[in-house]
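Notes follow the structure.
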Amino acid sequence: VKALFRRGRHLEEQPEEEFTFDEKARSVKGAGIEVSLTEQEFELLRFLSESPGQTFTREELLNLVWREESSERTRRVDLTISRIRTKFADQRMESPIESVWKVGYRFKSE
C-alpha cells in the first residue's frame, strides 16, 4: 500500500516524499528512513494518511480504526498519537499528524 503525503521534515528542508506502508513489517518507509510501528500505531497512521487534511474526532477514530464505541477510551487515541510522534521524532522527522484544538487529529496535507 502506498500513500503520497507531505512527509515530516528532517531538521533541514525535505521535498514531498512517497512513503510505503509495509503491512507485514508494520512500518513506514521513505527516503531511506524506516519508522517501525505497533499494529495499533500502523492502523491509525495509515487510516489518517488515506484522508489528508480531514479532521477526525477521537470518538470517530476509535470507531473507524478499532471498531470501538466507548467514548471512555478516547485516551487510547491520544496515547497512540503520542507514541507515533515520538517514533518520528526519534528519526529526526516531523510527525505527519496534526492536533486540531478541541476537535481531534488530522494527517497533514499540502
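In the C-alpha cells, the first chain shown is A, the next is B, and so on; residue numbers restart at 1 for each chain, and ligands run from 1 in the order shown.
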
Neighbouring residues of A:Gly104 were defined as those with any atom within 7 Å, considering only C-alpha atoms; residues of the same chain fewer than 2 positions away were excluded. Please report them as a list in words.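 Final neighbour list, sorted by chain and number: Thr55, Phe56, Thr57, Arg58, Ser99, Val100, Trp101 and Lys102 of chain A.
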
Resulting file, chosen residues, C-alpha atoms, as a PDB file, in the first residue's frame:
```pdb
ATOM      1  CA  THR A  55     -10.114  16.078  10.836  1.00  0.00           C
ATOM      2  CA  PHE A  56     -11.408  13.169  12.900  1.00  0.00           C
ATOM      3  CA  THR A  57     -12.599  13.297  16.499  1.00  0.00           C
ATOM      4  CA  ARG A  58     -11.177  10.837  18.992  1.00  0.00           C
ATOM      5  CA  SER A  99      -3.750  18.133  16.538  1.00  0.00           C
ATOM      6  CA  VAL A 100      -6.872  20.174  15.917  1.00  0.00           C
ATOM      7  CA  TRP A 101      -7.660  22.007  19.126  1.00  0.00           C
ATOM      8  CA  LYS A 102     -10.883  20.840  20.803  1.00  0.00           C
TER       9      LYS A 102
END
```

Using only C-alpha atoms, which protein or nucleic acid residues come within 8 Å of A:Ile97? Drop anything in the same chain fewer than 5 positions from it, and give the result as a list in words. Ile81, Arg85, Tyr105, Arg106, Phe107 and Lys108 of chain A

Emit the selected residues as a tab-separated table (two decimals), in the first residue's frame, including N, CA and C atoms.
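Saved as result-v7.tsv:
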```tsv
chain	number	residue	atom	x	y	z
A	81	ILE	N	-1.26	8.37	19.30
A	81	ILE	CA	-0.71	9.51	18.55
A	81	ILE	C	0.61	9.94	19.17
A	85	ARG	N	4.25	10.06	17.25
A	85	ARG	CA	5.05	11.29	17.19
A	85	ARG	C	6.46	11.07	17.76
A	105	TYR	N	-7.75	15.00	15.47
A	105	TYR	CA	-6.48	14.89	14.75
A	105	TYR	C	-6.72	14.81	13.25
A	106	ARG	N	-5.66	15.17	12.50
A	106	ARG	CA	-5.70	15.01	11.06
A	106	ARG	C	-4.28	14.77	10.55
A	107	PHE	N	-4.24	14.18	9.38
A	107	PHE	CA	-2.98	13.97	8.68
A	107	PHE	C	-2.67	15.25	7.92
A	108	LYS	N	-1.46	15.74	8.04
A	108	LYS	CA	-1.10	17.00	7.39
A	108	LYS	C	-1.26	16.87	5.89
```

Could you go through chain A and tell me which residues DSSP, when run on the backbone, assigns to alpha helix (DSSP H), listing them as a ChimeraX atom specification? /A:39-49,58-66,74-90

How far is it from atom CA of A:Ala89 to atom CA of A:Asn63, in Å with one decimal?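 Computed distance, atom CA of A:Ala89 to atom CA of A:Asn63, equals 27.3 Å.
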
Per DSSP on the backbone, what are the strand (DSSP E or B) residues of chain A, as number ranges by chain? A: 2-5, 17-22, 27-30, 33-36, 56-57, 97-100, 104-107

When you look at stretch 34-46 of chain A with a cut-off of 8 Å (counting only C-alpha atoms), what residues show up, excluding the ones that are within fewer than 5 positions of it in the same chain? I need them as a VMD selection string. chain A and resid 21 23 25 to 29 61 65 80 to 81 83 to 84 87 to 88 91

Take the residues from that selection and write them out as a PDB file, in the first residue's frame, keeping N, CA and C atoms.
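And here's again-v1.pdb as it stands now:
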```pdb
ATOM      1  N   PHE A  21       3.719   1.990   3.018  1.00  0.00           N
ATOM      2  CA  PHE A  21       3.255   1.363   4.244  1.00  0.00           C
ATOM      3  C   PHE A  21       3.456  -0.134   4.070  1.00  0.00           C
ATOM      4  N   GLU A  23       2.668  -3.419   5.518  1.00  0.00           N
ATOM      5  CA  GLU A  23       1.752  -4.004   6.499  1.00  0.00           C
ATOM      6  C   GLU A  23       2.376  -5.172   7.256  1.00  0.00           C
ATOM      7  N   ALA A  25       5.555  -5.760   7.972  1.00  0.00           N
ATOM      8  CA  ALA A  25       6.557  -5.280   8.933  1.00  0.00           C
ATOM      9  C   ALA A  25       5.999  -4.198   9.852  1.00  0.00           C
ATOM     10  N   ARG A  26       4.788  -3.725   9.556  1.00  0.00           N
ATOM     11  CA  ARG A  26       4.165  -2.614  10.297  1.00  0.00           C
ATOM     12  C   ARG A  26       5.136  -1.436  10.398  1.00  0.00           C
ATOM     13  N   SER A  27       5.565  -0.999   9.223  1.00  0.00           N
ATOM     14  CA  SER A  27       6.489   0.127   9.186  1.00  0.00           C
ATOM     15  C   SER A  27       6.125   1.060   8.042  1.00  0.00           C
ATOM     16  N   VAL A  28       6.658   2.264   8.137  1.00  0.00           N
ATOM     17  CA  VAL A  28       6.502   3.262   7.093  1.00  0.00           C
ATOM     18  C   VAL A  28       7.906   3.551   6.590  1.00  0.00           C
ATOM     19  N   LYS A  29       8.090   3.490   5.269  1.00  0.00           N
ATOM     20  CA  LYS A  29       9.415   3.686   4.694  1.00  0.00           C
ATOM     21  C   LYS A  29       9.381   4.816   3.681  1.00  0.00           C
ATOM     22  N   LEU A  61     -12.181   8.152  15.487  1.00  0.00           N
ATOM     23  CA  LEU A  61     -11.006   7.300  15.294  1.00  0.00           C
ATOM     24  C   LEU A  61     -11.161   5.970  16.025  1.00  0.00           C
ATOM     25  N   VAL A  65     -11.175   3.156  13.227  1.00  0.00           N
ATOM     26  CA  VAL A  65      -9.904   2.434  13.169  1.00  0.00           C
ATOM     27  C   VAL A  65      -9.976   1.128  13.946  1.00  0.00           C
ATOM     28  N   THR A  80      -1.747   6.683  21.496  1.00  0.00           N
ATOM     29  CA  THR A  80      -1.229   6.126  20.248  1.00  0.00           C
ATOM     30  C   THR A  80      -0.606   7.218  19.387  1.00  0.00           C
ATOM     31  N   ILE A  81      -1.259   8.365  19.295  1.00  0.00           N
ATOM     32  CA  ILE A  81      -0.715   9.512  18.546  1.00  0.00           C
ATOM     33  C   ILE A  81       0.614   9.939  19.167  1.00  0.00           C
ATOM     34  N   ARG A  83       2.765   8.164  20.828  1.00  0.00           N
ATOM     35  CA  ARG A  83       3.815   7.183  20.514  1.00  0.00           C
ATOM     36  C   ARG A  83       4.282   7.305  19.064  1.00  0.00           C
ATOM     37  N   ILE A  84       3.355   7.556  18.146  1.00  0.00           N
ATOM     38  CA  ILE A  84       3.734   7.755  16.736  1.00  0.00           C
ATOM     39  C   ILE A  84       4.639   8.974  16.616  1.00  0.00           C
ATOM     40  N   LYS A  87       8.131   8.263  17.820  1.00  0.00           N
ATOM     41  CA  LYS A  87       8.904   7.445  16.886  1.00  0.00           C
ATOM     42  C   LYS A  87       9.397   8.262  15.697  1.00  0.00           C
ATOM     43  N   PHE A  88       8.585   9.183  15.206  1.00  0.00           N
ATOM     44  CA  PHE A  88       9.039  10.064  14.127  1.00  0.00           C
ATOM     45  C   PHE A  88      10.142  10.988  14.640  1.00  0.00           C
ATOM     46  N   GLN A  91      13.525   9.577  14.745  1.00  0.00           N
ATOM     47  CA  GLN A  91      14.160   9.529  13.426  1.00  0.00           C
ATOM     48  C   GLN A  91      14.451  10.938  12.892  1.00  0.00           C
TER      49      GLN A  91
END
```

So the first atom is atom CA of A:Thr86 and the second is atom CA of A:Pro52; what is the distance between them in Å, to one decimal place? 20.2 Å

Kindly give the distance, in Å, that separates atom CA of A:Glu50 and atom CA of A:Glu98, rounded to a single decimal.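 So the two atoms, atom CA of A:Glu50 and atom CA of A:Glu98, lie 14.5 Å apart.
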